[in-house]
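S.K.: I have a structure I would like to understand better, so I am pasting it below and will then ask my questions one at a time.
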Amino acid sequence: MSTAAAEHALGRTDAEGIAARARGLTKAYGTGETTVLALDSVDVDIARGRFTAVMGPSGSGKSTLMHCLAGLDTVSAGQVWLGDTEITGLKERELTRLRRDRIGFMFQSFNLIPTLNAIENITLPMDIAGKKPDEKWLDQVIDTLGLRDRLKHRPAQLSGGQQQRVACARALASRPELIFADEPTGNLDSRAGLEVLGFLREAVDELGQTVVMVTHDPGAAAHSDLVLFLGDGRIVDEMARPSAEAVLERMKQFDTIRGTSEDATARDQGVVLDKGAASDQGTASDQGTAPDQD
Amino acid sequence: MLKATLRSFLAHKGRLLLSALAVLLSVAFVAGSLIFSDTVTRTFDRLFASTSADVTVLPREDLDSQLPSGAVQTVDTSIEDRIARVDGVADTHVDVSVENVTVVDSDNESVGPTTGAPTIATGWYVTERSPVELTSGHEPRGPGEALIDADTADNKDVRIGDTLTVIAQPGSFKVEIVGIATFTTTNPGAALVFLDTATAQTELLGKSGVATSIAVDAEEGVSDAALKERISRAIGAETYEVETADEQAESAAAELGGFLDVIKYVMLGFAGIAVLVGVFLIVNTFSMLIAQRTRELGLLRALGADRRQVRRSVLLEAALLGLVGSTLGLATGIGLAFGLIELMGLLGMNLKSTEMVIGWATPVSAYVVGVGVTFVAAYLPARRAAGVSPMAALADAEIAGVGRPLRVRAVVGTVVGALGAAALVGCVTATETSSAASLLALGVVLTLIATVIAGPLLVRPVIRVLGGAFPALFGSVGRMSQRNALRNPRRTGATAAALMVGLALVGGMSVASASMTESFDQQIDETLGADFVIQNNNFQPFPQEITEKVDETDGVGTVVRQRFAAIAARLPNGDRVETGAAGYGDQLDEVANITYAQGDTAAALAPGNMAMDVDYAKDHDVRIGSVIPVEFPAGRQTELRVAALTDQEGGEGFGAQGAMYFGLETLERYVPGGQDSTLYVNAASGTSADTLRERLEQTLDPYPQVQVRDQADYKQLVRDQIAVLLYLVYALLGLAIVIAVLGVVNTLALSVVERTREIGLLRAIGLARRQLRRMIRLESVVIAVFGAVLGLALGLVWGVCVQQVLALQGMTALAIPWVTIVAVVVGSAIVGIVAALLPALRASRMNVLAAIAHE
């Protein structure tokens with residue numbers, strides 16, 4: 001499959017500037033007749049030092065794409081690299097170490113361990129690895145996120161926005177090669193959401209981090225450098241320097257595309273089977289982003 | 001609503017599994033013990049009822065003591081004629097049956113049972129009621145001929161033509177086995193040797209013309225009771241015991257019953273522990289299930305279910321659990337009884353498992369215990385469930401119960417604990433054994449309840465300390481496991497409580513038994529002056545012949561004999577006490593160090609005199625010179641003058657109130673035909689102890705019923721006796737631990753389910769499976785050790801109090817078995833690791849993505 005996005009990414013960056021890369025990435029659920037393709041031979045490059053947003057309607061496979069890139073989920077076919085490391089084919093233990101040392105995560109909710117206070121949560125990946133955090137960097141992250149006076153608080157004593165800021169700090173603390181944020185603003189009110197997006201932007205611009213964010217909110221996507229649009233398990237479009245209005249416009253097309261594609265190719269597996277993926281498969285990726293389906 | 005309850009029960013059946021197992025165990029022990037004792041009772045009732053004569057005439061047993069004199073009570077056979085003349089008597093027969101004989105083969109090995117059951121020598125007399133029949137050889141026809149029972153013949157490889165030696169009170173004699181008699185009924189486990197009646201009289205009782213009882217057959221149409229009436233009138237009910245077949249069967253069964261009662265009570269003890277520990281498990285399970293279902297319950301309430309319906313639904317679920325557990329428990333109990341019956345068979349008691357009796361009381365008790373316990377345990381959680389507000393359905397449910405204040409618990413725990421502590425202080429300071437014992441029992445129960453109630457309050461401070469090193473040792477994994485254990489103090493407290501109860505019992509018992517051992521050791525050191533003690537393993541008396549042989553042994557210096565007798569003393573304060581008293585040989589001072597408050601050994605042992613414990617004397621208004629009327633068995637009476645007061649620790653106990661003793665001469669005069677219980681032997685000057693020991697062992701080789709012991713052996717003997725108690729404690733501990741482990745597994749498994757998302761997050765950000773397993777394992781260890789520390793602390797306090805109470809009885813030394821205590825703490829950590837195996841495995845196998853997405 002050769003989409004505009006893939007061509008664009010390939011053409012514009014050299015190997016040095018690529019944080020993560022997928023070739024022919026396919027994720028199928030079930031076997032035989034009932035096979036569901038969540039990702040259909042996706043090629044994608046994530047540029048280093050950039051803020052990339054992944055958008056798409058429910059069941060388009062955007063969360064699955066993130067999970068596969070982050071080594072959380074196994075792939076059915078294709079290859080995934082993090083930097084120079086091919087992660088497809090790595091053993092469970094190696095994947096765990098990779099996530100711990102080279103990737104940062106933010107989830108929509110339940111990001112923090114309730115028994116640990118803010119600073120313990122922030123340094124948790126390094127503690128697990130038995131590594132000393134880089135104090136200077138840590139201080140910079142904490143100050144950037146304005147968490148200095150909240151460090152001894154437990155998650156229950158923090159607001160939703162503060163919790164996401166702690167999660168953001170944790171993702172940044174070990175200076176990972178790549179930060180994945182799965183609907184990081186999904187559970188926040190608009191002000192707190194804006195704050196978190198601002199921090200992610202800052203992380204890219206000022207701290208030189210690489211961020212991939214899955215979202216269904218055009219407003220959130222507008223903070224990114226590049227939006228990748230997923231539909232039916234394929235990257236169907238991309239948009240550089242997006243604005244909320246443009247993204248919204250683009251998203252609206254999905255409804256008409258879906259409508260026409262359903263008419264045109266009544267047996268389009270992607271559509272039919274994607275629905276199956278979301279409802280039948282207990283492990284389907286999109287369940288993690290519940291509001292997506294609301 | 002019913003449908004919702006059933007669905008919920010089935011949906012949670014995995015989580016209820018361990019609770020059902022706890023119910024099953026309790027019920028199995030209850031049912032097993034009931035079935036076993038019913039079966040045994042039925043079997044022996046039938047045996048004795050079918051083998052007892054219509055009426056039996058026995059010597060009157062007026063005094064009973066735990067310390068046997070060894071004298072055999074007999075009746076004169078001259079009364080047989082008088083009985084035969086009574087109207088309604090069809091036939092009479094002279095019975096001779098002696099229980100305390102020892103029969104050895106040509107290698108001087110005893111052919112008797114090794115289980116402590118007696119070897120019985122008896123006259124051969126066959127009626128249709130006999131429990132045995134001759135199956136090979138011929139009946140004994142005179143002196144030197146005997147039959148042996150088939151079970152003993154099989155077990156000890158005795159054949160017709162073999163020569164055995166029977167060691168009886170009047171002396172040893174050799175017999176040739178001329179036949180084998182086989183039980184037609186259940187063999188209660190004893191070994192039997194049959195002689196002809198005349199030989200039995202002369203060899204076992206020492207003279208002809210006496211019998212141990214006279215069996216009477218009634219004429220047709222004459223009832224046993226009526227005949228008993230007539231015979232009593234004819235021979236005088238004052239001098240003889242006259243019993244009908246039913247009464248005879250009852251007293252025979254009662255004699256056996258003592259041993260079987262022990263088994264029954266042990267089993268019920270196990271059941272009790274299982275119930276007690278099981279309750280915690282069930283309470284915890286239901287609390288957790290309800291906490292996890294808060295939203296669901298809230299939804300039910302929002303949809304219009306009222307509080308009562310919610311409560312009833314939870315209780316119904318509990319009742320279902322109880323029913324299932326009880327049914328399985330009942331089946332397991334039958335298996336348990338079957339196993340016990342087979343075990344008894346191995347020990348020589350041939351019960352038939354085909355004749356297992358399951359009375360109506362067994363299933364009733366099983367279901368009452370099983371359903372009752374579950375129901376009661378689920379009541380509080382059910383009330384809490386009913387209290388769930390409909391708003392809970394809408395709120396992003398914080399797990400219920402975590403944040404609720406523990407104030408009520410603090411107040412109730414403190415009050416009950418203070419009462420318990422007061423009772424324990426009271427029992428320590430009390431001077432009367434009886435009041436001290438009841439205060440002790442009260443204190444134990446109250447402090448246990450207080451600890452259970454206040455347990456959750458202790459979770460925070462204790463686990464902070466116990467797990468204090470975790471963060472340093474295991475990093476963030478250690479920190480998280482410690483905090484997880486602290487997360488829900490109620491849950492941690494209840495889980496640990498299950499372990500605590502068992503370990504508190506063990507702690508208390510081990511302190512008590514260590515103190516007992518230590519006290520006996522000290523007493524033996526202080527009072528025993530003899531080089532050797534010759535004694536039966538079971539402290540049973542032995543024939544005179546042995547004393548004579550020991551006396552004759554080369555190198556023996558002093559031999560002091562000890563005998564016991566049952567007496568009844570009328571004390572100056574008006575009390576009549578029935579107790580055991582001892583008689584000692586004259587040279588007592590050479591083999592024992594006795595401290596006297598007044599008087600001395602010579603005075604105590606002089607004819608017509610006696611000695612008594614000084615404190616006991618004071619309590620009963622006895623002074624030096626008091627004259628005490630004393631009754632001996634068989635109606636003999638005399639008056640003894642108190643000539644010495646002893647000031648000795650541990651003289652009492654073992655059924656010897658007041659530590660009364662007198663000269664052997666006095667005892668022999670009033671209890672003729674008794675046997676020595678103990679010989680204290682000193683070496684003659686010029687003979688080394690080792691040499692004497694060798695010679696004594698040689699002398700006693702033909703008498704396997706007695707052993708030579710020096711002080712160290714003697715201590716070991718006492719220790720072994722106490723160890724039996726300890727083994728029982730360890731068995732109880734084992735059961736308590738099994739159930740407590742179920743509890744820990746249960747809590748961890750449910751916690752893992754509850755924390756699914758958290759585990760998913762941890763795995764996503766890079767926690768390795770190994771680290772996750774370690775985190776759960778450490779949490780489990782800290783909970784288990786918490787329970788152990790709490791239990792042992794409580795047990796130590798109890799143990800010290802028990803020792804203080806028993807100090808009144810002479811258990812003056814306090815010993816704390818530190819090795820056991822450390823072993824138990826280490827063991828509890830291992831228990832924690834074992835309990836965490838499955839939950840940890842389950843957690844590490846979780847799919848990361850599914851876990852993160854878990855609701």
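Naming scheme: A, B, ... for chains in displayed order of the structure tokens; residues 1 onward per chain; ligands 1 onward as shown.
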What are the residues of chain B that have an atom within 10 Å of an atom of chain A, counting only C-alpha atoms, as a ChimeraX atom specification?

M.R.: /B:474-477,479-484,486-487,755,757-759,761-771,847-855

S.K.: How would the residues just picked look written out with C-alpha atoms as a tab-separated table (two decimals), in the first residue's frame?

M.R.:
chain	number	residue	atom	x	y	z
B	474	PHE	CA	13.43	-4.33	46.59
B	475	GLY	CA	13.13	-0.77	45.30
B	476	SER	CA	9.82	0.44	43.94
B	477	VAL	CA	8.53	-3.15	43.72
B	479	ARG	CA	7.49	-0.06	48.07
B	480	MET	CA	4.39	-0.92	46.08
B	481	SER	CA	3.94	-4.30	47.77
B	482	GLN	CA	4.19	-2.76	51.21
B	483	ARG	CA	1.70	-0.05	50.30
B	484	ASN	CA	-0.65	-2.57	48.70
B	486	LEU	CA	-1.56	-1.18	53.74
B	487	ARG	CA	-4.12	-0.23	51.16
B	755	ARG	CA	-6.15	-4.09	40.48
B	757	ARG	CA	-5.90	-1.92	35.35
B	758	GLU	CA	-3.11	-0.97	37.67
B	759	ILE	CA	-1.26	-4.15	36.78
B	761	LEU	CA	-0.40	0.05	33.50
B	762	LEU	CA	2.64	-1.23	35.38
B	763	ARG	CA	3.28	-3.80	32.70
B	764	ALA	CA	2.85	-1.17	29.96
B	765	ILE	CA	5.42	1.15	31.45
B	766	GLY	CA	7.87	-1.67	31.74
B	767	LEU	CA	7.40	-3.76	34.88
B	768	ALA	CA	8.70	-7.23	34.03
B	769	ARG	CA	6.57	-10.29	34.82
B	770	ARG	CA	9.17	-11.41	37.31
B	771	GLN	CA	8.97	-8.09	39.11
B	847	ASN	CA	-2.83	-9.53	28.74
B	848	VAL	CA	-1.45	-6.02	29.09
B	849	LEU	CA	-3.88	-4.35	26.72
B	850	ALA	CA	-6.91	-6.15	28.11
B	851	ALA	CA	-5.79	-5.22	31.60
B	852	ILE	CA	-5.48	-1.53	30.78
B	853	ALA	CA	-8.90	-1.57	29.16
B	854	HIS	CA	-10.44	-3.45	32.13
B	855	GLU	CA	-13.41	-1.78	33.75

S.K.: Do a neighbour search on Asp134 of chain A at 10 Å with only C-alpha atoms, toss out local chain neighbours closer than 6 positions, and write the hits as a list in words.

M.R.: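 The residues satisfying every condition are Met126, Ala173, Ser174 and Arg175 of chain A.
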
S.K.: If you count only C-alpha atoms, which residues fall within 10 Å of Glu590 of chain B, apart from same-chain ones fewer than 5 positions away, as a PyMOL selection string?

M.R.: chain B and resi 528-530+558-560+680-682

S.K.: What are the DSSP helix (DSSP H, G or I) residues of segment 367-511 of chain B, as a count of residues only?

M.R.: 122

S.K.: Quick one: residues within 9 Å of Thr74 of chain A, only C-alpha atoms, excluding same-chain residues fewer than 5 positions away - as a ChimeraX atom specification?

M.R.: /A:27,67-68,88-89

S.K.: Which residues, written as a PDB file with N, CA and C atoms, in the first residue's frame, have at least one atom at most 7 Å from Ala568 of chain B, with only C-alpha atoms counted and residues fewer than 5 positions away on the same chain left out?

M.R.:
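Just written: out.pdb:
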ATOM      1  N   ARG B 576     -14.355 -34.452 102.246  1.00  0.00           N
ATOM      2  CA  ARG B 576     -13.945 -35.834 102.019  1.00  0.00           C
ATOM      3  C   ARG B 576     -13.321 -35.869 100.631  1.00  0.00           C
ATOM      4  N   VAL B 577     -12.018 -36.101 100.555  1.00  0.00           N
ATOM      5  CA  VAL B 577     -11.367 -36.109  99.244  1.00  0.00           C
ATOM      6  C   VAL B 577     -11.025 -37.524  98.837  1.00  0.00           C
ATOM      7  N   GLU B 578     -11.378 -37.857  97.586  1.00  0.00           N
ATOM      8  CA  GLU B 578     -10.945 -39.128  97.014  1.00  0.00           C
ATOM      9  C   GLU B 578      -9.756 -38.836  96.130  1.00  0.00           C
ATOM     10  N   THR B 579      -8.668 -39.482  96.386  1.00  0.00           N
ATOM     11  CA  THR B 579      -7.474 -39.168  95.625  1.00  0.00           C
ATOM     12  C   THR B 579      -6.536 -40.368  95.624  1.00  0.00           C
ATOM     13  N   VAL B 630      -8.961 -42.478 107.145  1.00  0.00           N
ATOM     14  CA  VAL B 630      -8.669 -42.772 105.744  1.00  0.00           C
ATOM     15  C   VAL B 630      -9.350 -44.078 105.345  1.00  0.00           C
ATOM     16  N   GLU B 631     -10.062 -44.049 104.197  1.00  0.00           N
ATOM     17  CA  GLU B 631     -10.657 -45.275 103.673  1.00  0.00           C
ATOM     18  C   GLU B 631      -9.795 -45.792 102.537  1.00  0.00           C
ATOM     19  N   PHE B 632      -9.619 -47.119 102.510  1.00  0.00           N
ATOM     20  CA  PHE B 632      -8.911 -47.762 101.403  1.00  0.00           C
ATOM     21  C   PHE B 632      -9.922 -48.574 100.602  1.00  0.00           C
TER      22      PHE B 632
END

S.K.: As a list in words, list the residues of segment 597-648 of chain B assigned to strand (DSSP E) by DSSP on the backbone atoms of this structure.

M.R.: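 Listing strand (DSSP E) positions across segment 597-648 of chain B yields Ala597, Gln598, Asn609, Met610, Ala611, Met612, Asp613, Val627, Ile628, Pro629, Val630, Glu631, Gln637, Thr638, Glu639, Leu640, Arg641, Val642, Ala643, Ala644, Leu645 and Thr646 of chain B.
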
S.K.: Could you name the residues that touch Gly137 of chain B at 7 Å or less, counting only C-alpha atoms, but leaving out those on the same chain fewer than 5 positions away, as a PyMOL selection string?

M.R.: chain B and resi 178-180

S.K.: Got a sec: who's within 10 Å of Lys156 of chain B, counting only C-alpha atoms, leaving out chain neighbours fewer than 6 positions off, as a tab-separated table (two decimals) with N, CA and C atoms, in the first residue's frame?

M.R.:
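What follows is the written file out_5.tsv:
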chain	number	residue	atom	x	y	z
B	105	ASP	N	7.36	-64.03	74.37
B	105	ASP	CA	7.75	-65.24	73.66
B	105	ASP	C	9.15	-65.67	74.08
B	109	GLU	N	10.23	-61.11	73.90
B	109	GLU	CA	9.51	-60.00	73.28
B	109	GLU	C	8.04	-60.12	73.67
B	110	SER	N	7.43	-58.99	74.00
B	110	SER	CA	6.02	-59.03	74.36
B	110	SER	C	5.18	-59.35	73.12
B	111	VAL	N	4.16	-60.20	73.29
B	111	VAL	CA	3.26	-60.46	72.17
B	111	VAL	C	2.01	-59.58	72.25
B	112	GLY	N	1.97	-58.72	73.26
B	112	GLY	CA	0.80	-57.86	73.45
B	112	GLY	C	0.76	-56.73	72.43
B	113	PRO	N	-0.36	-56.01	72.39
B	113	PRO	CA	-0.48	-54.92	71.43
B	113	PRO	C	0.48	-53.78	71.77
B	150	ALA	N	-6.49	-65.20	67.53
B	150	ALA	CA	-5.94	-65.36	66.18
B	150	ALA	C	-5.23	-64.10	65.70

S.K.: Please indicate the distance in Å from atom CA of Gly580 of chain B to atom CA of Arg561 of chain B, rounded to one decimal place.

M.R.: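 One can read the atom CA of Gly580 of chain B to atom CA of Arg561 of chain B distance as 16.2 Å.
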
S.K.: For segment 30-68 of chain A versus segment 208-213 of chain A, which residues have an atom no more than 6 Å away, and what is each residue's nearest atom pair and distance in Å rounded to one decimal, using only C-alpha atoms, chain-then-number order, as CSV?

M.R.:
residue,atom,partner,partner_atom,distance
A:Arg48,CA,A:Thr210,CA,5.5
A:Gly49,CA,A:Thr210,CA,4.5
A:Arg50,CA,A:Thr210,CA,5.2
A:Phe51,CA,A:Val211,CA,4.8
A:Thr52,CA,A:Val212,CA,4.8
A:Ala53,CA,A:Met213,CA,4.7

S.K.: By how many Å are atom CA of Gln523 of chain B and atom CA of Ala807 of chain B apart?

M.R.: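 Calculated distance between atom CA of Gln523 of chain B and atom CA of Ala807 of chain B is 12.8 Å.
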
S.K.: Please measure the separation of atom CA of Val40 of chain B and atom CA of Met356 of chain B, giving the value in Å to one decimal.

M.R.: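 It comes out at 8.6 Å.
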